[in-house]
>>> print(open('final.txt').read())   # compact mmCIF, C-alpha atoms (C1' of nucleotides)
# COMPACT_ATOMS: atom_id res chain seq x y z
CA MET A 898 -23.56 61.65 -18.69
CA LYS A 899 -23.87 62.88 -22.25
CA LEU A 900 -27.34 63.12 -23.70
CA ASP A 901 -26.56 60.77 -26.57
CA THR A 902 -25.27 58.19 -24.13
CA ALA A 903 -28.41 58.41 -22.04
CA ALA A 904 -30.53 58.13 -25.18
CA ALA A 905 -28.64 54.99 -26.18
CA HIS A 906 -29.26 53.48 -22.75
CA LEU A 907 -32.93 54.37 -22.82
CA GLU A 908 -33.32 53.04 -26.33
CA ALA A 909 -31.69 49.77 -25.27
CA LEU A 910 -34.19 49.45 -22.42
CA GLY A 911 -37.09 50.56 -24.58
CA ASN A 912 -37.83 47.15 -26.03
CA PRO A 913 -40.04 44.75 -24.07
CA THR A 914 -37.75 41.77 -24.58
CA ARG A 915 -34.66 43.69 -23.55
CA LEU A 916 -36.43 45.24 -20.59
CA LYS A 917 -37.45 41.77 -19.44
CA ILE A 918 -33.86 40.61 -19.74
CA TYR A 919 -32.62 43.64 -17.87
CA ARG A 920 -35.16 43.40 -15.09
CA ALA A 921 -34.51 39.71 -14.61
CA LEU A 922 -30.86 40.62 -14.09
CA VAL A 923 -31.72 43.49 -11.76
CA ARG A 924 -33.82 41.10 -9.72
CA ALA A 925 -31.07 38.52 -9.78
CA GLY A 926 -28.66 40.95 -8.19
CA ALA A 927 -24.94 40.35 -7.90
CA GLY A 928 -25.20 36.66 -8.80
CA GLY A 929 -26.47 37.39 -12.29
CA LEU A 930 -28.08 34.85 -14.58
CA PRO A 931 -26.69 32.63 -17.34
CA VAL A 932 -27.92 33.24 -20.89
CA GLY A 933 -29.58 29.84 -20.86
CA HIS A 934 -31.65 30.78 -17.86
CA LEU A 935 -32.86 33.93 -19.60
CA GLN A 936 -33.56 31.81 -22.64
CA ALA A 937 -35.82 29.53 -20.61
CA LYS A 938 -37.63 32.49 -19.08
CA LEU A 939 -38.20 34.47 -22.24
CA LYS A 940 -38.73 31.73 -24.79
CA SER A 941 -37.40 33.64 -27.75
CA ALA A 942 -35.15 32.17 -30.44
CA PRO A 943 -31.56 31.85 -29.19
CA SER A 944 -30.26 34.09 -31.93
CA THR A 945 -32.84 36.76 -31.14
CA LEU A 946 -32.06 36.64 -27.44
CA SER A 947 -28.35 36.82 -28.12
CA HIS A 948 -28.91 39.81 -30.36
CA HIS A 949 -30.77 41.66 -27.61
CA ILE A 950 -28.20 40.76 -24.98
CA LYS A 951 -25.51 42.08 -27.28
CA THR A 952 -27.36 45.37 -27.54
CA LEU A 953 -27.49 45.70 -23.75
CA VAL A 954 -23.82 44.80 -23.42
CA SER A 955 -22.79 47.25 -26.12
CA VAL A 956 -24.24 50.20 -24.20
CA GLY A 957 -22.82 48.96 -20.91
CA LEU A 958 -26.06 48.21 -19.12
CA ILE A 959 -25.05 44.61 -18.56
CA VAL A 960 -21.80 42.66 -18.57
CA GLN A 961 -21.08 39.02 -19.34
CA VAL A 962 -18.65 36.77 -17.53
CA ARG A 963 -17.85 33.33 -18.83
CA GLU A 964 -17.99 30.42 -16.41
CA ALA A 965 -16.97 27.29 -18.21
CA THR A 966 -19.52 26.75 -20.99
CA THR A 967 -22.07 29.21 -19.70
CA LEU A 968 -22.03 32.97 -19.99
CA VAL A 969 -23.36 34.68 -16.89
CA CYS A 970 -24.97 38.10 -17.36
CA HIS A 971 -24.96 40.79 -14.71
CA ALA A 972 -26.75 44.13 -14.57
CA ASN A 973 -24.33 47.03 -14.28
CA PHE A 974 -25.88 48.91 -11.40
CA ASN A 975 -23.60 51.92 -11.70
CA VAL A 976 -24.83 52.59 -15.19
CA MET A 977 -28.44 52.29 -14.12
CA GLN A 978 -27.84 54.74 -11.29
CA ALA A 979 -26.15 57.21 -13.62
CA LEU A 980 -29.07 56.93 -16.02
CA VAL A 981 -31.64 57.56 -13.31
CA ASP A 982 -29.59 60.50 -12.07
CA PHE A 983 -29.49 61.92 -15.58
CA MET A 984 -33.23 61.64 -15.97
CA VAL A 985 -34.03 63.67 -12.89
CA ALA A 986 -31.07 66.06 -13.10
CA GLU A 987 -31.62 69.77 -13.61
CA CYS A 988 -35.31 69.43 -13.08
CA CYS A 989 -36.87 72.90 -13.29
CA ALA A 990 -33.42 74.49 -13.65
CA ASP A 991 -34.80 76.94 -16.19
CA GLU A 992 -37.95 77.63 -14.26
CA CYS A 993 -38.55 81.20 -13.26
CA LYS A 994 -41.33 83.36 -11.93
CA PRO A 995 -43.66 85.04 -14.44
CA ALA A 996 -42.19 88.45 -13.60
CA GLN A 997 -38.75 87.24 -14.69
CA VAL A 998 -39.86 85.96 -18.07
CA ALA A 999 -38.30 88.00 -20.82
CA ALA A 1000 -40.58 89.04 -23.66
CA MET B 989 -46.48 50.04 -13.87
CA LYS B 990 -46.70 47.30 -16.47
CA LEU B 991 -43.50 46.28 -18.18
CA ASP B 992 -44.82 47.07 -21.64
CA THR B 993 -45.81 50.54 -20.50
CA ALA B 994 -42.37 51.16 -19.05
CA ALA B 995 -40.79 49.89 -22.28
CA ALA B 996 -42.94 52.29 -24.29
CA HIS B 997 -41.82 55.18 -22.09
CA LEU B 998 -38.18 54.21 -22.34
CA GLU B 999 -38.41 53.77 -26.09
CA ALA B 1000 -39.98 57.22 -26.40
CA LEU B 1001 -37.07 58.71 -24.45
CA GLY B 1002 -34.51 56.61 -26.29
CA ASN B 1003 -34.17 58.94 -29.24
CA PRO B 1004 -31.77 61.88 -29.01
CA THR B 1005 -34.23 64.38 -30.45
CA ARG B 1006 -37.04 63.28 -28.17
CA LEU B 1007 -34.75 63.19 -25.16
CA LYS B 1008 -33.70 66.76 -25.92
CA ILE B 1009 -37.34 67.79 -26.13
CA TYR B 1010 -38.13 66.02 -22.90
CA ARG B 1011 -35.19 67.40 -21.00
CA ALA B 1012 -35.88 70.92 -22.17
CA LEU B 1013 -39.37 70.49 -20.71
CA VAL B 1014 -38.04 68.99 -17.50
CA ARG B 1015 -35.72 71.97 -17.16
CA ALA B 1016 -38.54 74.34 -17.96
CA GLY B 1017 -40.56 73.01 -15.04
CA ALA B 1018 -44.19 73.84 -14.45
CA GLY B 1019 -44.25 76.67 -16.98
CA GLY B 1020 -43.53 74.36 -19.90
CA LEU B 1021 -42.45 75.50 -23.34
CA PRO B 1022 -44.36 76.26 -26.53
CA VAL B 1023 -43.69 74.04 -29.55
CA GLY B 1024 -42.22 77.01 -31.36
CA HIS B 1025 -39.63 77.47 -28.65
CA LEU B 1026 -38.59 73.82 -28.93
CA GLN B 1027 -38.46 74.28 -32.67
CA ALA B 1028 -36.01 77.17 -32.30
CA LYS B 1029 -33.85 75.16 -29.89
CA LEU B 1030 -33.71 71.93 -31.84
CA LYS B 1031 -33.73 73.17 -35.42
CA SER B 1032 -35.43 70.15 -36.92
CA ALA B 1033 -38.16 70.32 -39.56
CA PRO B 1034 -41.50 71.32 -38.04
CA SER B 1035 -43.12 68.11 -39.20
CA THR B 1036 -40.35 66.01 -37.70
CA LEU B 1037 -40.52 67.83 -34.40
CA SER B 1038 -44.28 67.51 -34.30
CA HIS B 1039 -43.96 63.81 -34.98
CA HIS B 1040 -41.61 63.37 -32.02
CA ILE B 1041 -43.75 65.47 -29.72
CA LYS B 1042 -46.73 63.36 -30.68
CA THR B 1043 -44.82 60.24 -29.69
CA LEU B 1044 -44.05 61.69 -26.26
CA VAL B 1045 -47.66 62.79 -25.79
CA SER B 1046 -49.01 59.40 -26.85
CA VAL B 1047 -47.15 57.61 -24.06
CA GLY B 1048 -48.07 60.28 -21.52
CA LEU B 1049 -44.60 61.64 -20.83
CA ILE B 1050 -45.66 65.13 -21.82
CA VAL B 1051 -48.95 66.98 -22.19
CA GLN B 1052 -49.93 69.86 -24.42
CA VAL B 1053 -52.13 72.79 -23.47
CA ARG B 1054 -53.28 75.28 -26.04
CA GLU B 1055 -52.88 78.96 -25.28
CA ALA B 1056 -54.35 80.93 -28.13
CA THR B 1057 -52.32 80.04 -31.23
CA THR B 1058 -49.48 78.37 -29.40
CA LEU B 1059 -49.37 74.89 -27.90
CA VAL B 1060 -47.47 74.76 -24.64
CA CYS B 1061 -45.82 71.46 -23.75
CA HIS B 1062 -45.26 70.29 -20.19
CA ALA B 1063 -43.36 67.32 -18.83
CA ASN B 1064 -45.58 64.99 -16.85
CA PHE B 1065 -43.51 64.58 -13.72
CA ASN B 1066 -45.68 61.86 -12.21
CA VAL B 1067 -45.02 59.61 -15.18
CA MET B 1068 -41.29 60.22 -14.97
CA GLN B 1069 -41.32 59.39 -11.27
CA ALA B 1070 -43.27 56.18 -11.89
CA LEU B 1071 -40.80 55.21 -14.59
CA VAL B 1072 -37.79 55.79 -12.35
CA ASP B 1073 -39.49 53.84 -9.58
CA PHE B 1074 -40.12 50.97 -11.97
CA MET B 1075 -36.50 50.90 -13.06
CA VAL B 1076 -35.13 50.48 -9.57
CA ALA B 1077 -37.99 48.38 -8.16
CA GLU B 1078 -37.37 44.86 -6.96
CA CYS B 1079 -33.65 45.26 -7.26
CA CYS B 1080 -32.00 42.02 -6.11
CA ALA B 1081 -35.40 40.57 -5.11
CA ASP B 1082 -34.34 37.18 -6.42
CA GLU B 1083 -30.90 37.35 -4.95
CA CYS B 1084 -30.02 34.63 -2.50
CA LYS B 1085 -26.96 33.29 -0.77
CA PRO B 1086 -24.98 30.57 -2.53
CA ALA B 1087 -26.16 28.00 0.04
CA GLN B 1088 -29.75 28.69 -0.91
CA VAL B 1089 -29.23 28.18 -4.63
CA ALA B 1090 -31.17 25.15 -5.80
CA ALA B 1091 -29.35 22.77 -8.10
C1' DA C 797 -64.11 87.36 -45.19
C1' DC C 798 -59.01 87.83 -45.43
C1' DT C 799 -54.41 87.45 -43.69
C1' DA C 800 -50.89 85.92 -40.65
C1' DT C 801 -48.85 82.85 -37.32
C1' DA C 802 -48.64 78.31 -35.01
C1' DA C 803 -48.61 73.66 -35.41
C1' DT C 804 -50.26 69.31 -37.32
C1' DT C 805 -51.32 65.77 -40.68
C1' DC C 806 -50.46 63.53 -45.08
C1' DG C 807 -47.60 61.03 -48.21
C1' DA C 808 -43.56 59.18 -49.80
C1' DT C 809 -38.67 57.86 -49.12
C1' DT C 810 -34.83 56.17 -46.68
C1' DA C 811 -32.86 54.00 -42.76
C1' DT C 812 -32.97 51.07 -38.92
C1' DT C 813 -34.52 47.33 -36.07
C1' DC C 814 -36.55 42.80 -35.16
C1' DT C 815 -36.77 38.06 -35.93
C1' DA C 816 -35.09 33.60 -36.59
C1' DG C 817 -32.91 29.55 -39.23
C1' DA C 818 -28.48 27.78 -40.27
C1' DA C 819 -23.71 27.65 -39.58
C1' DA C 820 -19.88 28.64 -36.63
C1' DT C 821 -17.26 29.14 -32.19
C1' DA C 822 -16.13 28.08 -27.25
C1' DT C 823 -15.56 25.03 -23.47
C1' DG C 824 -15.27 20.79 -21.11
C1' DG C 825 -15.95 15.75 -20.77
C1' DT C 826 -14.87 10.92 -22.54
C1' DA D 491 -9.67 13.31 -31.42
C1' DC D 492 -14.61 13.34 -30.80
C1' DC D 493 -18.96 14.59 -28.85
C1' DA D 494 -22.24 17.35 -26.24
C1' DT D 495 -23.77 21.67 -24.49
C1' DA D 496 -23.87 26.68 -24.56
C1' DT D 497 -23.93 30.63 -27.10
C1' DT D 498 -22.84 33.57 -30.91
C1' DT D 499 -22.40 35.15 -35.69
C1' DC D 500 -24.08 35.24 -40.33
C1' DT D 501 -27.62 36.18 -43.54
C1' DA D 502 -31.81 37.65 -45.20
C1' DG D 503 -36.59 39.04 -45.04
C1' DA D 504 -40.35 41.59 -42.74
C1' DA D 505 -41.72 45.18 -39.81
C1' DT D 506 -41.13 49.62 -37.87
C1' DA D 507 -39.28 54.25 -37.33
C1' DA D 508 -37.19 58.71 -38.90
C1' DT D 509 -37.19 62.44 -42.01
C1' DC D 510 -39.15 66.24 -44.39
C1' DG D 511 -41.86 68.89 -48.14
C1' DA D 512 -46.44 70.14 -49.09
C1' DA D 513 -51.04 70.65 -47.79
C1' DT D 514 -54.20 71.27 -43.92
C1' DT D 515 -56.26 72.82 -39.53
C1' DA D 516 -56.56 76.13 -35.54
C1' DT D 517 -56.69 80.62 -33.58
C1' DA D 518 -56.73 85.51 -33.53
C1' DG D 519 -56.32 90.13 -35.56
C1' DT D 520 -58.01 93.57 -39.17
>>> encode(input="final.txt", output="structure tokens")
Amino acid sequence: MKLDTAAAHLEALGNPTRLKIYRALVRAGAGGLPVGHLQAKLKSAPSTLSHHIKTLVSVGLIVQVREATTLVCHANFNVMQALVDFMVAECCADECKPAQVAA
Amino acid sequence: MKLDTAAAHLEALGNPTRLKIYRALVRAGAGGLPVGHLQAKLKSAPSTLSHHIKTLVSVGLIVQVREATTLVCHANFNVMQALVDFMVAECCADECKPAQVAA
DNA sequence: ACTATAATTCGATTATTCTAGAAATATGGT
DNA sequence: ACCATATTTCTAGAATAATCGAATTATAGT
């Protein structure tokens, strides 16, 4: 994963409202949750909620599937996994013993 | 970890410059890196870099230790681990079979 | 005390994000 | 065709964040 992509994902999750949305969907699992359900849980203005959902969709963290009049949101678990992998990747890769440190 | 705390951590990492700083420190491991070294790597204005470092310090993702005239930055691995744990915690906890779905 | 290096804080500007009301679109039922 | 429900898009204002030059603080050497 490119650094800028990871930053975009982290930024998307770095807002309390969006993180609540995302975690509700993670908890919901494969079944997902309709926008209206999130609306009831989070109690923000519909336009505000929609705006945040759009942000999460645009970076690929969640996807929306229409079912009749309701839009069901699902967490994209592959993206989350890739993000977590990125965060811990190459840990200490540049670490070296004091004797090896160049001046 | 509280949701607002996790959101603050994610927001701090959700900026390309700060993510570069953080990842350089993760790669550097226990030895850390002085601010001046990060400066040379990232080529942003000193005041801008300092501002971003301060953000990372304020949420606890990194710590700074003075060594004579230089300030050495270290990634706080415990915080990163707690953040990763938070992200994957309670995955699918609310998931249930279709038959169990209340109307 | 003076100088040099390292890094931060201050102050001001520009850019971006958040919020939400109002209007618009999408779907299905009557 | 019309209505109801679900959700989004538009628009605009307020709040927050990013950037960076200049001035300041911190530490050590001479």
>>> interface_residues(input="final.txt", of="chain B", to="chain D", cutoff="12 Å", atoms="all atoms listed in the file", output="short mmCIF file (atom, residue, chain, number, x, y, z; two decimals) with C-alpha atoms, in the coordinates of the input")
data_model
loop_
_atom_site.label_atom_id
_atom_site.label_comp_id
_atom_site.auth_asym_id
_atom_site.auth_seq_id
_atom_site.Cartn_x
_atom_site.Cartn_y
_atom_site.Cartn_z
CA GLU B 999 -38.41 53.77 -26.09
CA ALA B 1000 -39.98 57.22 -26.40
CA ASN B 1003 -34.17 58.94 -29.24
CA PRO B 1004 -31.77 61.88 -29.01
CA THR B 1005 -34.23 64.38 -30.45
CA ARG B 1006 -37.04 63.28 -28.17
CA SER B 1032 -35.43 70.15 -36.92
CA ALA B 1033 -38.16 70.32 -39.56
CA PRO B 1034 -41.50 71.32 -38.04
CA SER B 1035 -43.12 68.11 -39.20
CA THR B 1036 -40.35 66.01 -37.70
CA LEU B 1037 -40.52 67.83 -34.40
CA SER B 1038 -44.28 67.51 -34.30
CA HIS B 1039 -43.96 63.81 -34.98
CA HIS B 1040 -41.61 63.37 -32.02
CA THR B 1043 -44.82 60.24 -29.69
CA ARG B 1054 -53.28 75.28 -26.04
CA GLU B 1055 -52.88 78.96 -25.28
CA ALA B 1056 -54.35 80.93 -28.13
CA THR B 1057 -52.32 80.04 -31.23
CA THR B 1058 -49.48 78.37 -29.40
CA LEU B 1059 -49.37 74.89 -27.90
#
>>> closest_residue(input="final.txt", among="B:Ala1012, B:Leu1049, B:Cys1061, B:Val1023", to="Thr993 in chain B", atoms="all atoms listed in the file")
B:Leu1049
>>> atom_distance(input="final.txt", atom1="CA of Asp901 in chain A", atom2="CA of Ala972 in chain A")
20.5 Å
>>> residues_around(input="final.txt", residues="Met977 in chain A", least_positions_apart="2", cutoff="12 Å", atoms="all atoms listed in the file", output="ChimeraX atom specification")
/A:898,903,906-907,909-910,919-920,922-923,953,956-959,972-975,979-984 /B:1072,1074-1077,1079
>>> atom_distance(input="final.txt", atom1="CA of Val962 in chain A", atom2="CA of Gly911 in chain A")
24.1 Å
>>> atom_distance(input="final.txt", atom1="CA of His1025 in chain B", atom2="CA of Ala904 in chain A")
21.7 Å
>>> decode(input="final.txt", residues="chain D", atoms="C-alpha atoms (C1' of nucleotides)", output="PDB file, in the first residue's frame")
ATOM      1  C1'  DA D 491     -49.583   9.603 -11.866  1.00  0.00           C
ATOM      2  C1'  DC D 492     -49.020  10.442  -6.988  1.00  0.00           C
ATOM      3  C1'  DC D 493     -47.301   9.795  -2.420  1.00  0.00           C
ATOM      4  C1'  DA D 494     -44.194   8.176   1.174  1.00  0.00           C
ATOM      5  C1'  DT D 495     -39.729   6.814   2.683  1.00  0.00           C
ATOM      6  C1'  DA D 496     -34.740   6.754   2.245  1.00  0.00           C
ATOM      7  C1'  DT D 497     -30.817   9.081   1.148  1.00  0.00           C
ATOM      8  C1'  DT D 498     -28.017  12.323  -1.307  1.00  0.00           C
ATOM      9  C1'  DT D 499     -26.500  16.723  -3.285  1.00  0.00           C
ATOM     10  C1'  DC D 500     -26.233  21.639  -3.057  1.00  0.00           C
ATOM     11  C1'  DT D 501     -24.921  25.713  -0.722  1.00  0.00           C
ATOM     12  C1'  DA D 502     -23.011  28.470   2.630  1.00  0.00           C
ATOM     13  C1'  DG D 503     -21.108  29.668   7.074  1.00  0.00           C
ATOM     14  C1'  DA D 504     -18.162  28.483  11.054  1.00  0.00           C
ATOM     15  C1'  DA D 505     -14.433  25.970  12.832  1.00  0.00           C
ATOM     16  C1'  DT D 506     -10.087  23.811  12.374  1.00  0.00           C
ATOM     17  C1'  DA D 507      -5.684  22.616  10.289  1.00  0.00           C
ATOM     18  C1'  DA D 508      -1.483  23.379   7.373  1.00  0.00           C
ATOM     19  C1'  DT D 509       2.220  26.240   6.082  1.00  0.00           C
ATOM     20  C1'  DC D 510       6.212  28.971   6.852  1.00  0.00           C
ATOM     21  C1'  DG D 511       9.129  33.260   8.055  1.00  0.00           C
ATOM     22  C1'  DA D 512      10.870  35.460  12.003  1.00  0.00           C
ATOM     23  C1'  DA D 513      11.881  35.537  16.708  1.00  0.00           C
ATOM     24  C1'  DT D 514      12.846  32.733  20.769  1.00  0.00           C
ATOM     25  C1'  DT D 515      14.616  29.084  23.851  1.00  0.00           C
ATOM     26  C1'  DA D 516      17.946  25.254  24.954  1.00  0.00           C
ATOM     27  C1'  DT D 517      22.431  23.282  25.176  1.00  0.00           C
ATOM     28  C1'  DA D 518      27.296  23.101  24.721  1.00  0.00           C
ATOM     29  C1'  DG D 519      31.842  24.781  23.255  1.00  0.00           C
ATOM     30  C1'  DT D 520      35.434  28.625  23.450  1.00  0.00           C
TER      31       DT D 520
END
